[in-house]
file work-v1.txt (compact mmCIF, C-alpha atoms)
# COMPACT_ATOMS: atom_id res chain seq x y z
CA MET A 548 -14.86 41.11 49.06
CA PRO A 549 -11.87 38.98 50.17
CA GLU A 550 -14.35 36.65 51.92
CA ALA A 551 -16.24 36.00 48.64
CA THR A 552 -12.97 35.36 46.84
CA ALA A 553 -11.94 32.86 49.52
CA ARG A 554 -15.30 31.05 49.21
CA ILE A 555 -14.94 30.88 45.43
CA ALA A 556 -11.39 29.54 45.75
CA THR A 557 -12.58 26.92 48.27
CA ALA A 558 -15.46 25.90 46.03
CA ASP A 559 -13.11 25.63 43.04
CA ALA A 560 -10.67 23.49 45.03
CA ARG A 561 -13.52 21.23 46.21
CA LEU A 562 -14.83 20.92 42.65
CA ALA A 563 -11.35 20.04 41.37
CA ALA A 564 -10.95 17.38 44.06
CA GLU A 565 -14.37 15.89 43.28
CA SER A 566 -13.61 15.87 39.55
CA ALA A 567 -10.28 14.15 40.13
CA ALA A 568 -11.94 11.51 42.32
CA TYR A 569 -14.67 11.03 39.72
CA PHE A 570 -12.26 10.48 36.84
CA ASP A 571 -9.94 8.15 38.80
CA GLY A 572 -12.30 5.26 38.03
CA TYR A 573 -12.15 6.01 34.30
CA GLY A 574 -8.36 6.13 34.48
CA LEU A 575 -8.29 2.66 35.99
CA VAL A 576 -10.61 1.32 33.27
CA ALA A 577 -8.42 2.92 30.59
CA LEU A 578 -5.29 1.42 32.16
CA VAL A 579 -6.83 -2.07 32.21
CA GLY A 580 -7.89 -1.60 28.57
CA VAL A 581 -4.38 -0.56 27.51
CA VAL A 582 -2.83 -3.49 29.39
CA GLY A 583 -5.29 -5.86 27.71
CA VAL A 584 -4.53 -4.52 24.22
CA LEU A 585 -0.78 -4.75 24.90
CA PHE A 586 -1.16 -8.32 26.17
CA VAL A 587 -2.96 -9.37 22.99
CA ALA A 588 -0.45 -7.54 20.78
CA VAL A 589 2.51 -9.19 22.54
CA ALA A 590 0.87 -12.62 22.32
CA PHE A 591 0.18 -12.26 18.58
CA GLY A 592 3.66 -10.86 17.96
CA ALA A 593 5.32 -13.71 19.87
CA GLY A 594 3.22 -16.24 17.96
CA ARG A 595 4.22 -14.69 14.65
CA LEU A 596 7.91 -14.73 15.57
CA LEU A 597 7.98 -18.27 16.99
CA ARG A 598 5.85 -20.22 14.53
CA PRO A 599 7.35 -22.00 11.54
CA VAL A 600 6.26 -20.67 8.15
CA VAL A 601 6.35 -23.40 5.50
CA PRO A 602 3.54 -22.80 2.98
CA THR A 603 2.70 -25.74 0.74
CA PRO A 604 -0.03 -26.02 -1.88
CA GLU A 605 -1.90 -28.46 0.36
CA LYS A 606 -1.85 -26.02 3.26
CA LEU A 607 -3.23 -23.25 1.07
CA LEU A 608 -6.37 -25.25 0.16
CA THR A 609 -9.71 -24.34 1.66
CA TYR A 610 -10.39 -26.62 4.59
CA GLU A 611 -13.88 -27.41 5.85
CA CYS A 612 -14.53 -30.03 8.55
CA GLY A 613 -11.86 -32.41 7.30
CA VAL A 614 -13.41 -32.73 3.83
CA ASP A 615 -11.56 -31.57 0.73
CA PRO A 616 -13.53 -28.96 -1.19
CA VAL A 617 -15.27 -30.37 -4.25
CA GLY A 618 -17.36 -28.39 -6.72
CA GLU A 619 -18.60 -24.87 -6.16
CA GLY A 620 -18.69 -23.04 -2.86
CA TRP A 621 -22.43 -22.44 -3.17
CA ALA A 622 -24.79 -24.82 -1.40
CA HIS A 623 -28.51 -24.70 -0.75
CA THR A 624 -29.65 -24.79 2.85
CA GLN A 625 -33.16 -25.60 3.95
CA VAL A 626 -35.00 -22.53 5.18
CA ARG A 627 -36.71 -24.49 7.94
CA TYR A 628 -33.44 -24.71 9.88
CA TYR A 629 -33.43 -20.93 10.11
CA VAL A 630 -37.04 -21.01 11.24
CA TYR A 631 -36.15 -23.43 14.04
CA ALA A 632 -33.29 -21.18 15.06
CA PHE A 633 -35.60 -18.18 15.00
CA LEU A 634 -38.16 -19.99 17.16
CA TYR A 635 -35.39 -20.90 19.59
CA VAL A 636 -34.33 -17.24 19.82
CA ILE A 637 -37.93 -16.21 20.48
CA PHE A 638 -38.29 -18.64 23.36
CA ALA A 639 -34.83 -17.81 24.71
CA VAL A 640 -35.84 -14.14 24.85
CA ASP A 641 -39.04 -15.24 26.57
CA SER A 642 -37.11 -17.10 29.25
CA VAL A 643 -34.74 -14.15 29.72
CA PHE A 644 -37.78 -11.91 30.21
CA LEU A 645 -39.41 -14.32 32.67
CA PHE A 646 -36.66 -14.24 35.32
CA PRO A 647 -36.67 -10.46 35.96
CA TRP A 648 -40.45 -10.50 35.77
CA ALA A 649 -40.60 -13.12 38.52
CA THR A 650 -38.46 -10.96 40.81
CA VAL A 651 -40.53 -7.82 40.20
CA PHE A 652 -43.79 -9.74 40.53
CA ALA A 653 -42.91 -10.57 44.12
CA ALA A 654 -42.26 -6.91 45.01
CA PRO A 655 -45.10 -5.12 46.79
CA GLY A 656 -47.26 -2.93 44.58
CA TYR A 657 -46.25 -4.50 41.25
CA GLY A 658 -48.26 -7.73 41.25
CA ALA A 659 -51.31 -6.90 39.12
CA ALA A 660 -49.54 -4.67 36.58
CA THR A 661 -46.71 -7.11 35.95
CA LEU A 662 -49.14 -10.03 35.72
CA VAL A 663 -51.10 -8.25 32.97
CA GLU A 664 -47.87 -7.35 31.15
CA MET A 665 -46.71 -10.96 31.27
CA PHE A 666 -49.99 -12.27 29.89
CA VAL A 667 -49.81 -9.73 27.04
CA PHE A 668 -46.22 -10.82 26.31
CA LEU A 669 -47.12 -14.51 26.43
CA GLY A 670 -50.15 -13.79 24.24
CA PHE A 671 -47.91 -12.35 21.53
CA LEU A 672 -45.67 -15.40 21.76
CA ALA A 673 -48.67 -17.73 21.62
CA VAL A 674 -49.98 -15.99 18.50
CA GLY A 675 -46.57 -16.40 16.83
CA LEU A 676 -46.37 -20.04 17.82
CA LEU A 677 -49.93 -20.67 16.60
CA TYR A 678 -49.08 -19.01 13.28
CA ALA A 679 -45.97 -21.19 12.90
CA TRP A 680 -47.98 -24.29 13.75
CA LYS A 681 -50.75 -23.41 11.25
CA LYS A 682 -48.17 -22.86 8.50
CA GLY A 683 -46.70 -26.30 9.18
CA VAL A 684 -43.32 -24.94 10.17
CA LEU A 685 -43.11 -27.10 13.27
CA GLU A 686 -43.36 -30.38 11.32
CA TRP A 687 -40.05 -32.09 10.71
CA THR A 688 -40.41 -33.63 7.24

call {"tool": "encode", "arguments": {"input": "work-v1.txt", "output": "structure tokens"}}
result
Amino acid sequence: MPEATARIATADARLAAESAAYFDGYGLVALVGVVGVLFVAVAFGAGRLLRPVVPTPEKLLTYECGVDPVGEGWAHTQVRYYVYAFLYVIFAVDSVFLFPWATVFAAPGYGAATLVEMFVFLGFLAVGLLYAWKKGVLEWT
């Protein structure tokens, strides 16, 4: 019986040591996070204490790209600019997907499967691009 108790105590001590070693990494991350938050708080506090505060009516005006605000704050924007941005995002995602695919494609045993997957992915992109082209979205007029 004392032998079993000694084994349990040894196992508990080993488990406690492993747990402490495991959580040491989290402690370091937490410490870096706290130091970062304190650094930002001190920087903002110092800026608030050191800056001059002289509000004038001109300083309280809305400022946009060096132009004084005139009229309402509502303006119409062409939808096609959003479409161009959306097309850019699609092709950016495509390029981000291509780089890992190229590394896996070279690995042994993955060639045919990854090649089929890439052609399916590019097919979806081609269908979307063809749809945009048919709708006249890609014409700058």

call {"tool": "closest_residue", "arguments": {"input": "work-v1.txt", "among": "A:Leu669, A:Leu662, A:Leu677, A:Val581", "to": "A:Trp648", "atoms": "only C-alpha atoms"}}
result
A:Leu662

call {"tool": "atom_distance", "arguments": {"input": "work-v1.txt", "atom1": "atom CA of A:Gly675", "atom2": "atom CA of A:Ser642"}}
result
15.6 Å

call {"tool": "residues_around", "arguments": {"input": "work-v1.txt", "residues": "A:Val684", "least_positions_apart": "6", "cutoff": "12 Å", "atoms": "all atoms listed in the file", "output": "list in words"}}
result
Gln625, Val626, Arg627, Tyr628, Tyr629, Val630, Tyr631, Ala632, Phe633, Leu634, Gly675, Leu676, Leu677 and Tyr678 of chain A

call {"tool": "atom_distance", "arguments": {"input": "work-v1.txt", "atom1": "atom CA of A:Val640", "atom2": "atom CA of A:Gly656"}}
result
25.4 Å

call {"tool": "atom_distance", "arguments": {"input": "work-v1.txt", "atom1": "atom CA of A:Asp641", "atom2": "atom CA of A:Met665"}}
result
10.0 Å
